[in-house]
file my_file31.txt (compact mmCIF, N, CA and C atoms)
# COMPACT_ATOMS: atom_id res chain seq x y z
N MET A 1 -141.12 -14.88 -58.01
CA MET A 1 -139.95 -15.52 -57.47
C MET A 1 -140.02 -16.99 -57.84
N SER A 2 -138.89 -17.58 -58.16
CA SER A 2 -138.84 -18.98 -58.57
C SER A 2 -138.91 -19.91 -57.37
N ASP A 3 -139.65 -20.97 -57.53
CA ASP A 3 -139.77 -22.00 -56.52
C ASP A 3 -138.65 -23.00 -56.73
N ALA A 4 -137.58 -22.89 -55.94
CA ALA A 4 -136.36 -23.67 -56.14
C ALA A 4 -136.58 -25.16 -55.96
N ALA A 5 -137.44 -25.56 -55.04
CA ALA A 5 -137.59 -26.97 -54.71
C ALA A 5 -138.34 -27.74 -55.79
N SER A 6 -139.29 -27.10 -56.48
CA SER A 6 -140.09 -27.83 -57.46
C SER A 6 -139.44 -27.85 -58.84
N ASN A 7 -138.40 -27.07 -59.05
CA ASN A 7 -137.74 -27.00 -60.35
C ASN A 7 -136.44 -27.78 -60.27
N ARG A 8 -136.32 -28.86 -61.05
CA ARG A 8 -135.13 -29.70 -61.00
C ARG A 8 -134.17 -29.36 -62.13
N GLU A 9 -134.24 -28.14 -62.62
CA GLU A 9 -133.35 -27.67 -63.67
C GLU A 9 -132.49 -26.54 -63.13
N VAL A 10 -131.36 -26.33 -63.80
CA VAL A 10 -130.52 -25.19 -63.45
C VAL A 10 -131.29 -23.91 -63.77
N LEU A 11 -131.26 -22.98 -62.85
CA LEU A 11 -131.95 -21.71 -63.05
C LEU A 11 -130.92 -20.60 -63.25
N SER A 12 -131.25 -19.66 -64.11
CA SER A 12 -130.37 -18.53 -64.37
C SER A 12 -131.24 -17.28 -64.47
N PHE A 13 -130.74 -16.18 -63.91
CA PHE A 13 -131.48 -14.93 -63.91
C PHE A 13 -130.57 -13.83 -64.43
N ASP A 14 -131.03 -13.09 -65.42
CA ASP A 14 -130.28 -11.93 -65.90
C ASP A 14 -130.84 -10.70 -65.20
N SER A 15 -130.23 -10.35 -64.08
CA SER A 15 -130.78 -9.24 -63.28
C SER A 15 -130.65 -7.90 -64.00
N ASN A 16 -129.82 -7.85 -65.05
CA ASN A 16 -129.68 -6.60 -65.81
C ASN A 16 -130.93 -6.30 -66.64
N THR A 17 -131.66 -7.36 -67.04
CA THR A 17 -132.84 -7.16 -67.87
C THR A 17 -134.15 -7.35 -67.09
N MET A 18 -134.07 -7.90 -65.89
CA MET A 18 -135.27 -8.07 -65.08
C MET A 18 -135.78 -6.71 -64.61
N PRO A 19 -137.10 -6.52 -64.64
CA PRO A 19 -137.63 -5.26 -64.10
C PRO A 19 -137.56 -5.27 -62.57
N TRP A 20 -137.44 -4.10 -62.00
CA TRP A 20 -137.49 -3.97 -60.55
C TRP A 20 -138.93 -4.13 -60.09
N GLY A 21 -139.10 -4.90 -59.03
CA GLY A 21 -140.38 -4.96 -58.33
C GLY A 21 -140.29 -4.06 -57.12
N GLU A 22 -141.25 -4.23 -56.21
CA GLU A 22 -141.23 -3.41 -55.00
C GLU A 22 -141.59 -4.28 -53.80
N LEU A 23 -140.78 -4.15 -52.77
CA LEU A 23 -141.09 -4.72 -51.46
C LEU A 23 -141.61 -3.55 -50.62
N PHE A 24 -142.92 -3.52 -50.40
CA PHE A 24 -143.50 -2.40 -49.64
C PHE A 24 -143.42 -2.74 -48.16
N ILE A 25 -142.83 -1.84 -47.39
CA ILE A 25 -142.73 -2.02 -45.94
C ILE A 25 -143.79 -1.15 -45.30
N GLU A 26 -144.86 -1.78 -44.88
CA GLU A 26 -146.03 -1.08 -44.33
C GLU A 26 -145.65 -0.19 -43.15
N GLN A 27 -144.81 -0.71 -42.26
CA GLN A 27 -144.46 0.04 -41.05
C GLN A 27 -143.77 1.37 -41.37
N LEU A 28 -143.00 1.41 -42.45
CA LEU A 28 -142.26 2.63 -42.83
C LEU A 28 -142.94 3.40 -43.95
N LYS A 29 -143.98 2.80 -44.54
CA LYS A 29 -144.69 3.41 -45.67
C LYS A 29 -143.73 3.73 -46.81
N VAL A 30 -142.88 2.75 -47.14
CA VAL A 30 -141.88 2.94 -48.19
C VAL A 30 -141.76 1.66 -49.02
N GLY A 31 -141.47 1.83 -50.30
CA GLY A 31 -141.23 0.70 -51.18
C GLY A 31 -139.73 0.57 -51.46
N ILE A 32 -139.24 -0.66 -51.40
CA ILE A 32 -137.83 -0.92 -51.66
C ILE A 32 -137.74 -1.65 -53.01
N PRO A 33 -136.92 -1.15 -53.95
CA PRO A 33 -136.75 -1.86 -55.22
C PRO A 33 -136.13 -3.25 -54.98
N ILE A 34 -136.71 -4.26 -55.62
CA ILE A 34 -136.28 -5.64 -55.41
C ILE A 34 -136.42 -6.45 -56.69
N LYS A 35 -135.48 -7.36 -56.88
CA LYS A 35 -135.54 -8.36 -57.95
C LYS A 35 -135.45 -9.71 -57.26
N GLU A 36 -136.53 -10.47 -57.30
CA GLU A 36 -136.60 -11.74 -56.58
C GLU A 36 -136.09 -12.88 -57.46
N PHE A 37 -135.18 -13.67 -56.89
CA PHE A 37 -134.61 -14.80 -57.62
C PHE A 37 -135.17 -16.14 -57.15
N ILE A 38 -134.87 -16.51 -55.92
CA ILE A 38 -135.19 -17.85 -55.42
C ILE A 38 -135.89 -17.76 -54.07
N SER A 39 -136.87 -18.65 -53.88
CA SER A 39 -137.47 -18.86 -52.58
C SER A 39 -137.73 -20.35 -52.44
N ASP A 40 -137.13 -20.97 -51.44
CA ASP A 40 -137.29 -22.40 -51.23
C ASP A 40 -138.46 -22.64 -50.29
N PRO A 41 -139.54 -23.28 -50.76
CA PRO A 41 -140.73 -23.45 -49.92
C PRO A 41 -140.48 -24.41 -48.74
N ASP A 42 -139.48 -25.25 -48.82
CA ASP A 42 -139.20 -26.18 -47.72
C ASP A 42 -138.46 -25.51 -46.57
N THR A 43 -137.51 -24.63 -46.88
CA THR A 43 -136.67 -24.03 -45.84
C THR A 43 -136.97 -22.54 -45.62
N GLY A 44 -137.57 -21.90 -46.63
CA GLY A 44 -137.79 -20.47 -46.56
C GLY A 44 -136.59 -19.66 -47.02
N MET A 45 -135.47 -20.33 -47.33
CA MET A 45 -134.27 -19.63 -47.83
C MET A 45 -134.66 -18.84 -49.07
N SER A 46 -134.12 -17.62 -49.18
CA SER A 46 -134.43 -16.81 -50.35
C SER A 46 -133.22 -15.99 -50.77
N VAL A 47 -133.23 -15.59 -52.04
CA VAL A 47 -132.18 -14.75 -52.60
C VAL A 47 -132.86 -13.67 -53.45
N GLN A 48 -132.50 -12.41 -53.17
CA GLN A 48 -133.02 -11.27 -53.91
C GLN A 48 -131.91 -10.26 -54.16
N LYS A 49 -132.14 -9.43 -55.14
CA LYS A 49 -131.30 -8.25 -55.35
C LYS A 49 -132.12 -7.07 -54.85
N ILE A 50 -131.54 -6.28 -53.95
CA ILE A 50 -132.26 -5.18 -53.32
C ILE A 50 -131.46 -3.89 -53.50
N LYS A 51 -132.20 -2.80 -53.71
CA LYS A 51 -131.56 -1.48 -53.80
C LYS A 51 -132.13 -0.59 -52.70
N TYR A 52 -131.23 -0.04 -51.89
CA TYR A 52 -131.62 1.02 -50.96
C TYR A 52 -131.23 2.32 -51.63
N GLU A 53 -132.21 3.19 -51.81
CA GLU A 53 -131.94 4.46 -52.48
C GLU A 53 -131.23 5.41 -51.54
N ALA A 54 -130.45 6.33 -52.10
CA ALA A 54 -129.65 7.29 -51.33
C ALA A 54 -130.48 7.91 -50.21
N GLY A 55 -129.92 7.90 -49.01
CA GLY A 55 -130.58 8.50 -47.87
C GLY A 55 -131.49 7.57 -47.08
N PHE A 56 -131.80 6.39 -47.63
CA PHE A 56 -132.70 5.47 -46.92
C PHE A 56 -131.93 4.62 -45.91
N THR A 57 -132.46 4.56 -44.70
CA THR A 57 -131.96 3.64 -43.68
C THR A 57 -133.13 2.82 -43.17
N ASN A 58 -132.96 1.52 -43.17
CA ASN A 58 -133.94 0.62 -42.58
C ASN A 58 -133.69 0.65 -41.08
N THR A 59 -134.50 1.44 -40.37
CA THR A 59 -134.26 1.76 -38.96
C THR A 59 -134.23 0.50 -38.09
N TRP A 60 -133.88 0.68 -36.84
CA TRP A 60 -133.64 -0.43 -35.91
C TRP A 60 -134.75 -1.47 -35.97
N HIS A 61 -134.30 -2.71 -36.23
CA HIS A 61 -135.22 -3.83 -36.40
C HIS A 61 -134.47 -5.13 -36.12
N ARG A 62 -135.21 -6.22 -36.15
CA ARG A 62 -134.62 -7.55 -36.05
C ARG A 62 -135.41 -8.51 -36.92
N HIS A 63 -134.84 -9.68 -37.13
CA HIS A 63 -135.48 -10.73 -37.93
C HIS A 63 -135.40 -12.05 -37.16
N ASN A 64 -136.36 -12.93 -37.43
CA ASN A 64 -136.28 -14.29 -36.91
C ASN A 64 -135.53 -15.20 -37.87
N CYS A 65 -134.92 -14.60 -38.87
CA CYS A 65 -134.06 -15.32 -39.80
C CYS A 65 -132.70 -14.62 -39.81
N ALA A 66 -131.66 -15.38 -40.11
CA ALA A 66 -130.36 -14.76 -40.36
C ALA A 66 -130.36 -14.30 -41.82
N HIS A 67 -129.53 -13.30 -42.12
CA HIS A 67 -129.43 -12.90 -43.52
C HIS A 67 -128.07 -12.28 -43.81
N GLY A 68 -127.69 -12.40 -45.07
CA GLY A 68 -126.44 -11.83 -45.52
C GLY A 68 -126.70 -10.85 -46.64
N MET A 69 -125.79 -9.88 -46.74
CA MET A 69 -125.86 -8.89 -47.81
C MET A 69 -124.49 -8.82 -48.47
N TYR A 70 -124.47 -9.14 -49.76
CA TYR A 70 -123.25 -9.01 -50.56
C TYR A 70 -123.38 -7.70 -51.33
N VAL A 71 -122.48 -6.75 -51.07
CA VAL A 71 -122.58 -5.42 -51.66
C VAL A 71 -122.10 -5.46 -53.11
N LEU A 72 -123.00 -5.12 -54.03
CA LEU A 72 -122.68 -5.09 -55.46
C LEU A 72 -122.15 -3.73 -55.88
N ASP A 73 -122.79 -2.67 -55.41
CA ASP A 73 -122.30 -1.31 -55.67
C ASP A 73 -122.80 -0.37 -54.59
N GLY A 74 -122.10 0.74 -54.41
CA GLY A 74 -122.43 1.69 -53.37
C GLY A 74 -121.80 1.28 -52.04
N ILE A 75 -122.25 1.93 -50.99
CA ILE A 75 -121.75 1.67 -49.64
C ILE A 75 -122.94 1.28 -48.76
N LEU A 76 -122.86 0.12 -48.14
CA LEU A 76 -123.87 -0.31 -47.18
C LEU A 76 -123.48 0.22 -45.81
N GLN A 77 -124.32 1.11 -45.27
CA GLN A 77 -124.08 1.63 -43.93
C GLN A 77 -124.89 0.80 -42.95
N THR A 78 -124.23 0.33 -41.88
CA THR A 78 -124.91 -0.47 -40.87
C THR A 78 -124.54 0.05 -39.49
N HIS A 79 -125.19 -0.49 -38.48
CA HIS A 79 -124.85 -0.15 -37.10
C HIS A 79 -123.45 -0.63 -36.75
N ALA A 80 -122.90 -1.55 -37.53
CA ALA A 80 -121.58 -2.13 -37.26
C ALA A 80 -120.47 -1.55 -38.15
N GLY A 81 -120.81 -0.58 -39.01
CA GLY A 81 -119.81 0.02 -39.89
C GLY A 81 -120.33 0.17 -41.30
N SER A 82 -119.45 0.60 -42.20
CA SER A 82 -119.77 0.81 -43.61
C SER A 82 -119.00 -0.18 -44.45
N PHE A 83 -119.65 -0.70 -45.51
CA PHE A 83 -119.07 -1.77 -46.30
C PHE A 83 -119.27 -1.48 -47.79
N GLY A 84 -118.18 -1.59 -48.55
CA GLY A 84 -118.22 -1.29 -49.98
C GLY A 84 -118.37 -2.52 -50.85
N PRO A 85 -118.32 -2.31 -52.16
CA PRO A 85 -118.49 -3.39 -53.12
C PRO A 85 -117.53 -4.56 -52.85
N GLY A 86 -118.08 -5.76 -52.94
CA GLY A 86 -117.30 -6.97 -52.69
C GLY A 86 -117.38 -7.44 -51.25
N SER A 87 -117.95 -6.63 -50.36
CA SER A 87 -118.10 -7.02 -48.96
C SER A 87 -119.32 -7.91 -48.79
N PHE A 88 -119.18 -8.91 -47.91
CA PHE A 88 -120.32 -9.75 -47.52
C PHE A 88 -120.53 -9.55 -46.03
N VAL A 89 -121.73 -9.12 -45.66
CA VAL A 89 -122.05 -8.82 -44.27
C VAL A 89 -123.14 -9.78 -43.82
N TRP A 90 -122.88 -10.54 -42.74
CA TRP A 90 -123.83 -11.53 -42.22
C TRP A 90 -124.44 -11.02 -40.92
N PHE A 91 -125.76 -11.05 -40.83
CA PHE A 91 -126.50 -10.63 -39.65
C PHE A 91 -127.15 -11.86 -39.02
N PRO A 92 -126.70 -12.29 -37.84
CA PRO A 92 -127.31 -13.45 -37.17
C PRO A 92 -128.78 -13.18 -36.83
N GLU A 93 -129.57 -14.22 -36.78
CA GLU A 93 -130.98 -14.02 -36.47
C GLU A 93 -131.16 -13.49 -35.05
N GLY A 94 -132.14 -12.60 -34.93
CA GLY A 94 -132.53 -12.09 -33.63
C GLY A 94 -131.81 -10.84 -33.16
N ILE A 95 -130.69 -10.46 -33.81
CA ILE A 95 -129.98 -9.27 -33.32
C ILE A 95 -130.68 -8.00 -33.81
N GLU A 96 -130.58 -6.93 -33.03
CA GLU A 96 -131.10 -5.65 -33.48
C GLU A 96 -130.08 -5.00 -34.41
N MET A 97 -130.59 -4.42 -35.49
CA MET A 97 -129.71 -3.86 -36.52
C MET A 97 -130.39 -2.71 -37.22
N GLU A 98 -129.56 -1.93 -37.92
CA GLU A 98 -130.07 -0.99 -38.91
C GLU A 98 -129.07 -0.97 -40.05
N HIS A 99 -129.57 -0.75 -41.25
CA HIS A 99 -128.70 -0.70 -42.42
C HIS A 99 -129.39 0.05 -43.53
N GLY A 100 -128.58 0.60 -44.44
CA GLY A 100 -129.14 1.36 -45.55
C GLY A 100 -128.06 1.95 -46.42
N ALA A 101 -128.44 2.96 -47.18
CA ALA A 101 -127.54 3.62 -48.12
C ALA A 101 -126.93 4.87 -47.48
N THR A 102 -125.90 5.39 -48.11
CA THR A 102 -125.35 6.67 -47.68
C THR A 102 -126.30 7.78 -48.14
N GLN A 103 -126.07 8.99 -47.69
CA GLN A 103 -126.89 10.13 -48.09
C GLN A 103 -126.73 10.46 -49.58
N ASP A 104 -125.56 10.13 -50.14
CA ASP A 104 -125.23 10.56 -51.50
C ASP A 104 -125.45 9.52 -52.59
N ASN A 105 -125.46 8.22 -52.23
CA ASN A 105 -125.50 7.18 -53.26
C ASN A 105 -126.40 6.02 -52.88
N ASP A 106 -127.02 5.42 -53.90
CA ASP A 106 -127.75 4.17 -53.71
C ASP A 106 -126.76 3.07 -53.35
N VAL A 107 -127.27 2.00 -52.74
CA VAL A 107 -126.49 0.80 -52.53
C VAL A 107 -127.32 -0.38 -53.03
N THR A 108 -126.68 -1.28 -53.77
CA THR A 108 -127.35 -2.47 -54.28
C THR A 108 -126.67 -3.68 -53.68
N VAL A 109 -127.49 -4.61 -53.16
CA VAL A 109 -126.95 -5.80 -52.49
C VAL A 109 -127.66 -7.05 -52.99
N LEU A 110 -126.95 -8.16 -52.90
CA LEU A 110 -127.56 -9.47 -53.03
C LEU A 110 -127.95 -9.87 -51.62
N PHE A 111 -129.22 -10.13 -51.39
CA PHE A 111 -129.79 -10.34 -50.06
C PHE A 111 -130.18 -11.81 -49.93
N ILE A 112 -129.62 -12.50 -48.95
CA ILE A 112 -129.81 -13.95 -48.80
C ILE A 112 -130.32 -14.24 -47.38
N THR A 113 -131.44 -14.96 -47.28
CA THR A 113 -131.95 -15.36 -45.97
C THR A 113 -131.81 -16.87 -45.80
N ASN A 114 -131.72 -17.32 -44.54
CA ASN A 114 -131.60 -18.75 -44.29
C ASN A 114 -132.95 -19.43 -44.03
N LYS A 115 -133.99 -18.65 -43.79
CA LYS A 115 -135.34 -19.18 -43.59
C LYS A 115 -136.32 -18.05 -43.88
N PRO A 116 -137.63 -18.26 -43.68
CA PRO A 116 -138.59 -17.23 -44.09
C PRO A 116 -138.27 -15.85 -43.51
N PHE A 117 -138.40 -14.86 -44.37
CA PHE A 117 -138.11 -13.46 -44.02
C PHE A 117 -139.26 -12.88 -43.21
N ASP A 118 -138.90 -12.15 -42.18
CA ASP A 118 -139.84 -11.34 -41.43
C ASP A 118 -139.08 -10.12 -40.94
N ILE A 119 -139.80 -9.15 -40.43
CA ILE A 119 -139.14 -7.96 -39.90
C ILE A 119 -139.97 -7.42 -38.74
N ILE A 120 -139.29 -7.15 -37.63
CA ILE A 120 -139.92 -6.60 -36.44
C ILE A 120 -139.15 -5.34 -36.08
N TYR A 121 -139.82 -4.19 -36.16
CA TYR A 121 -139.17 -2.92 -35.86
C TYR A 121 -139.17 -2.67 -34.36
N THR A 122 -138.08 -2.11 -33.86
CA THR A 122 -137.95 -1.79 -32.45
C THR A 122 -139.09 -0.88 -32.00
N PHE A 123 -139.48 0.08 -32.84
CA PHE A 123 -140.55 1.00 -32.44
C PHE A 123 -141.88 0.28 -32.28
N GLU A 124 -142.09 -0.84 -32.98
CA GLU A 124 -143.31 -1.62 -32.81
C GLU A 124 -143.33 -2.30 -31.44
N GLU A 125 -142.19 -2.85 -31.06
CA GLU A 125 -142.09 -3.52 -29.76
C GLU A 125 -142.24 -2.51 -28.62
N ASN A 126 -141.68 -1.32 -28.80
CA ASN A 126 -141.75 -0.28 -27.76
C ASN A 126 -143.16 0.28 -27.61
N ASP A 127 -143.97 0.21 -28.70
CA ASP A 127 -145.35 0.71 -28.65
C ASP A 127 -146.30 -0.29 -28.03
N ASP A 128 -145.89 -1.56 -27.89
CA ASP A 128 -146.74 -2.62 -27.40
C ASP A 128 -146.39 -2.93 -25.95
N PRO A 129 -147.23 -2.54 -25.00
CA PRO A 129 -146.90 -2.75 -23.58
C PRO A 129 -146.76 -4.21 -23.20
N SER A 130 -147.37 -5.13 -23.95
CA SER A 130 -147.26 -6.55 -23.61
C SER A 130 -145.92 -7.12 -24.03
N GLY A 131 -145.19 -6.41 -24.93
CA GLY A 131 -143.90 -6.89 -25.40
C GLY A 131 -143.99 -7.85 -26.57
N THR A 132 -145.21 -8.11 -27.07
CA THR A 132 -145.38 -8.98 -28.22
C THR A 132 -145.75 -8.14 -29.42
N VAL A 133 -145.52 -8.71 -30.59
CA VAL A 133 -145.85 -7.99 -31.82
C VAL A 133 -146.99 -8.68 -32.50

call {"tool": "encode", "arguments": {"input": "my_file31.txt", "output": "structure tokens"}}
result
Amino acid sequence: MSDAASNREVLSFDSNTMPWGELFIEQLKVGIPIKEFISDPDTGMSVQKIKYEAGFTNTWHRHNCAHGMYVLDGILQTHAGSFGPGSFVWFPEGIEMEHGATQDNDVTVLFITNKPFDIIYTFEENDDPSGTV
């Protein structure tokens, strides 16, 4: 991922030729295809291209960061509805959410965070009697 703050030049990424990496989610034991563009070390803001494969839902969770998803192709299914290409969906920090692909098709999104990314699954909080993660 490019360090946006230390590079004082215009950056450009051809996501069509970039190889897919993997964001492994330990709690779900699943890898999510990802193309990382920018991460600002001062603010934690980041931009990635993410693909949820058909049938995958990122189950109930929350983040300590807000994030947006701009749908590039497919249908993004969320707890708040379904959104097609050209839709921008903003998730405020701290809310419980779930989102993913439909059963039949992958969905690809541009994923933008406002500060460092984290993820706390509801099932983790429910398993911890102290209420902390």

call {"tool": "residues_around", "arguments": {"input": "my_file31.txt", "residues": "Lys115 (chain A)", "least_positions_apart": "4", "cutoff": "5 Å", "atoms": "only N, CA and C atoms", "output": "number ranges by chain"}}
result
A: 43-45

call {"tool": "residues_near_point", "arguments": {"input": "my_file31.txt", "point": "(-130.9, -8.4, -52.2)", "cutoff": "9 Å", "atoms": "only C-alpha atoms", "output": "list in words"}}
result
Ile34, Lys35, Glu36, Val47, Gln48, Lys49, Ile50, Lys51, Gly68, Met69, Tyr70, Val71, Thr108, Val109, Leu110, Phe111 and Ile112 of chain A

call {"tool": "residues_around", "arguments": {"input": "my_file31.txt", "residues": "Gln77 (chain A)", "least_positions_apart": "3", "cutoff": "8 Å", "atoms": "only C-alpha atoms", "output": "PyMOL selection string"}}
result
chain A and resi 81-83+99-102

call {"tool": "atom_distance", "arguments": {"input": "my_file31.txt", "atom1": "atom N of Thr59 (chain A)", "atom2": "CA of Ile38 (chain A)"}}
result
24.5 Å

call {"tool": "atom_distance", "arguments": {"input": "my_file31.txt", "atom1": "CA of His79 (chain A)", "atom2": "CA of Gln27 (chain A)"}}
result
20.0 Å

call {"tool": "select_by_dssp", "arguments": {"input": "my_file31.txt", "residues": "region 64-128 of chain A", "states": "strand (DSSP E)", "output": "JSON, numbers by chain"}}
result
{"A": [67, 68, 69, 70, 71, 72, 73, 76, 77, 78, 81, 82, 83, 88, 89, 90, 91, 97, 98, 99, 100, 107, 108, 109, 110, 111, 112, 113, 120, 121]}

call {"tool": "closest_residue", "arguments": {"input": "my_file31.txt", "among": "A:Glu93, A:Glu98, A:Asp118, A:Glu125", "to": "Ala66 (chain A)", "atoms": "only N, CA and C atoms"}}
result
A:Glu93

call {"tool": "select_by_dssp", "arguments": {"input": "my_file31.txt", "residues": "chain A", "states": "alpha helix (DSSP H)", "output": "PyMOL selection string"}}
result
chain A and resi 122-127

call {"tool": "write_last_selection", "arguments": {"input": "my_file31.txt", "atoms": "N, CA and C atoms", "output": "short mmCIF file (atom, residue, chain, number, x, y, z; two decimals), in the frame of the given file"}}
result
data_model
loop_
_atom_site.label_atom_id
_atom_site.label_comp_id
_atom_site.auth_asym_id
_atom_site.auth_seq_id
_atom_site.Cartn_x
_atom_site.Cartn_y
_atom_site.Cartn_z
N THR A 122 -138.08 -2.11 -33.86
CA THR A 122 -137.95 -1.79 -32.45
C THR A 122 -139.09 -0.88 -32.00
N PHE A 123 -139.48 0.08 -32.84
CA PHE A 123 -140.55 1.00 -32.44
C PHE A 123 -141.88 0.28 -32.28
N GLU A 124 -142.09 -0.84 -32.98
CA GLU A 124 -143.31 -1.62 -32.81
C GLU A 124 -143.33 -2.30 -31.44
N GLU A 125 -142.19 -2.85 -31.06
CA GLU A 125 -142.09 -3.52 -29.76
C GLU A 125 -142.24 -2.51 -28.62
N ASN A 126 -141.68 -1.32 -28.80
CA ASN A 126 -141.75 -0.28 -27.76
C ASN A 126 -143.16 0.28 -27.61
N ASP A 127 -143.97 0.21 -28.70
CA ASP A 127 -145.35 0.71 -28.65
C ASP A 127 -146.30 -0.29 -28.03
#

call {"tool": "closest_residue", "arguments": {"input": "my_file31.txt", "among": "A:Pro41, A:Gly74, A:Gly86, A:Gly55", "to": "Asn114 (chain A)", "atoms": "only C-alpha atoms"}}
result
A:Pro41

call {"tool": "residues_near_point", "arguments": {"input": "my_file31.txt", "point": "(-142.3, -6.6, -55.5)", "cutoff": "8 Å", "atoms": "all atoms listed in the file", "output": "number ranges by chain"}}
result
A: 20-24, 32-36

call {"tool": "write_last_selection", "arguments": {"input": "my_file31.txt", "atoms": "N, CA and C atoms", "output": "JSON list (two decimals), keeping the file's coordinate frame"}}
result
[["chain", "number", "residue", "atom", "x", "y", "z"],
["A", 20, "TRP", "N", -137.44, -4.10, -62.00],
["A", 20, "TRP", "CA", -137.49, -3.97, -60.55],
["A", 20, "TRP", "C", -138.93, -4.13, -60.09],
["A", 21, "GLY", "N", -139.10, -4.90, -59.03],
["A", 21, "GLY", "CA", -140.38, -4.96, -58.33],
["A", 21, "GLY", "C", -140.29, -4.06, -57.12],
["A", 22, "GLU", "N", -141.25, -4.23, -56.21],
["A", 22, "GLU", "CA", -141.23, -3.41, -55.00],
["A", 22, "GLU", "C", -141.59, -4.28, -53.80],
["A", 23, "LEU", "N", -140.78, -4.15, -52.77],
["A", 23, "LEU", "CA", -141.09, -4.72, -51.46],
["A", 23, "LEU", "C", -141.61, -3.55, -50.62],
["A", 24, "PHE", "N", -142.92, -3.52, -50.40],
["A", 24, "PHE", "CA", -143.50, -2.40, -49.64],
["A", 24, "PHE", "C", -143.42, -2.74, -48.16],
["A", 32, "ILE", "N", -139.24, -0.66, -51.40],
["A", 32, "ILE", "CA", -137.83, -0.92, -51.66],
["A", 32, "ILE", "C", -137.74, -1.65, -53.01],
["A", 33, "PRO", "N", -136.92, -1.15, -53.95],
["A", 33, "PRO", "CA", -136.75, -1.86, -55.22],
["A", 33, "PRO", "C", -136.13, -3.25, -54.98],
["A", 34, "ILE", "N", -136.71, -4.26, -55.62],
["A", 34, "ILE", "CA", -136.28, -5.64, -55.41],
["A", 34, "ILE", "C", -136.42, -6.45, -56.69],
["A", 35, "LYS", "N", -135.48, -7.36, -56.88],
["A", 35, "LYS", "CA", -135.54, -8.36, -57.95],
["A", 35, "LYS", "C", -135.45, -9.71, -57.26],
["A", 36, "GLU", "N", -136.53, -10.47, -57.30],
["A", 36, "GLU", "CA", -136.60, -11.74, -56.58],
["A", 36, "GLU", "C", -136.09, -12.88, -57.46]]

call {"tool": "atom_distance", "arguments": {"input": "my_file31.txt", "atom1": "CA of Cys65 (chain A)", "atom2": "atom C of Phe91 (chain A)"}}
result
7.8 Å

call {"tool": "axis_aligned_box", "arguments": {"input": "my_file31.txt", "around": "region 74-77 of chain A", "padding_each_side": "5 Å", "output": "AutoDock Vina command-line options"}}
result
--center_x -123.3 --center_y 0.8 --center_z -48.7 --size_x 13.1 --size_y 12.2 --size_z 21.5

call {"tool": "closest_residue", "arguments": {"input": "my_file31.txt", "among": "A:Pro19, A:Ser46, A:Glu9, A:Asp73", "to": "Ser87 (chain A)", "atoms": "only C-alpha atoms"}}
result
A:Asp73

call {"tool": "residues_around", "arguments": {"input": "my_file31.txt", "residues": "region 122-124 of chain A", "least_positions_apart": "5", "cutoff": "8 Å", "atoms": "only C-alpha atoms", "output": "JSON, numbers by chain"}}
result
{"A": [60, 61, 62, 96, 133]}
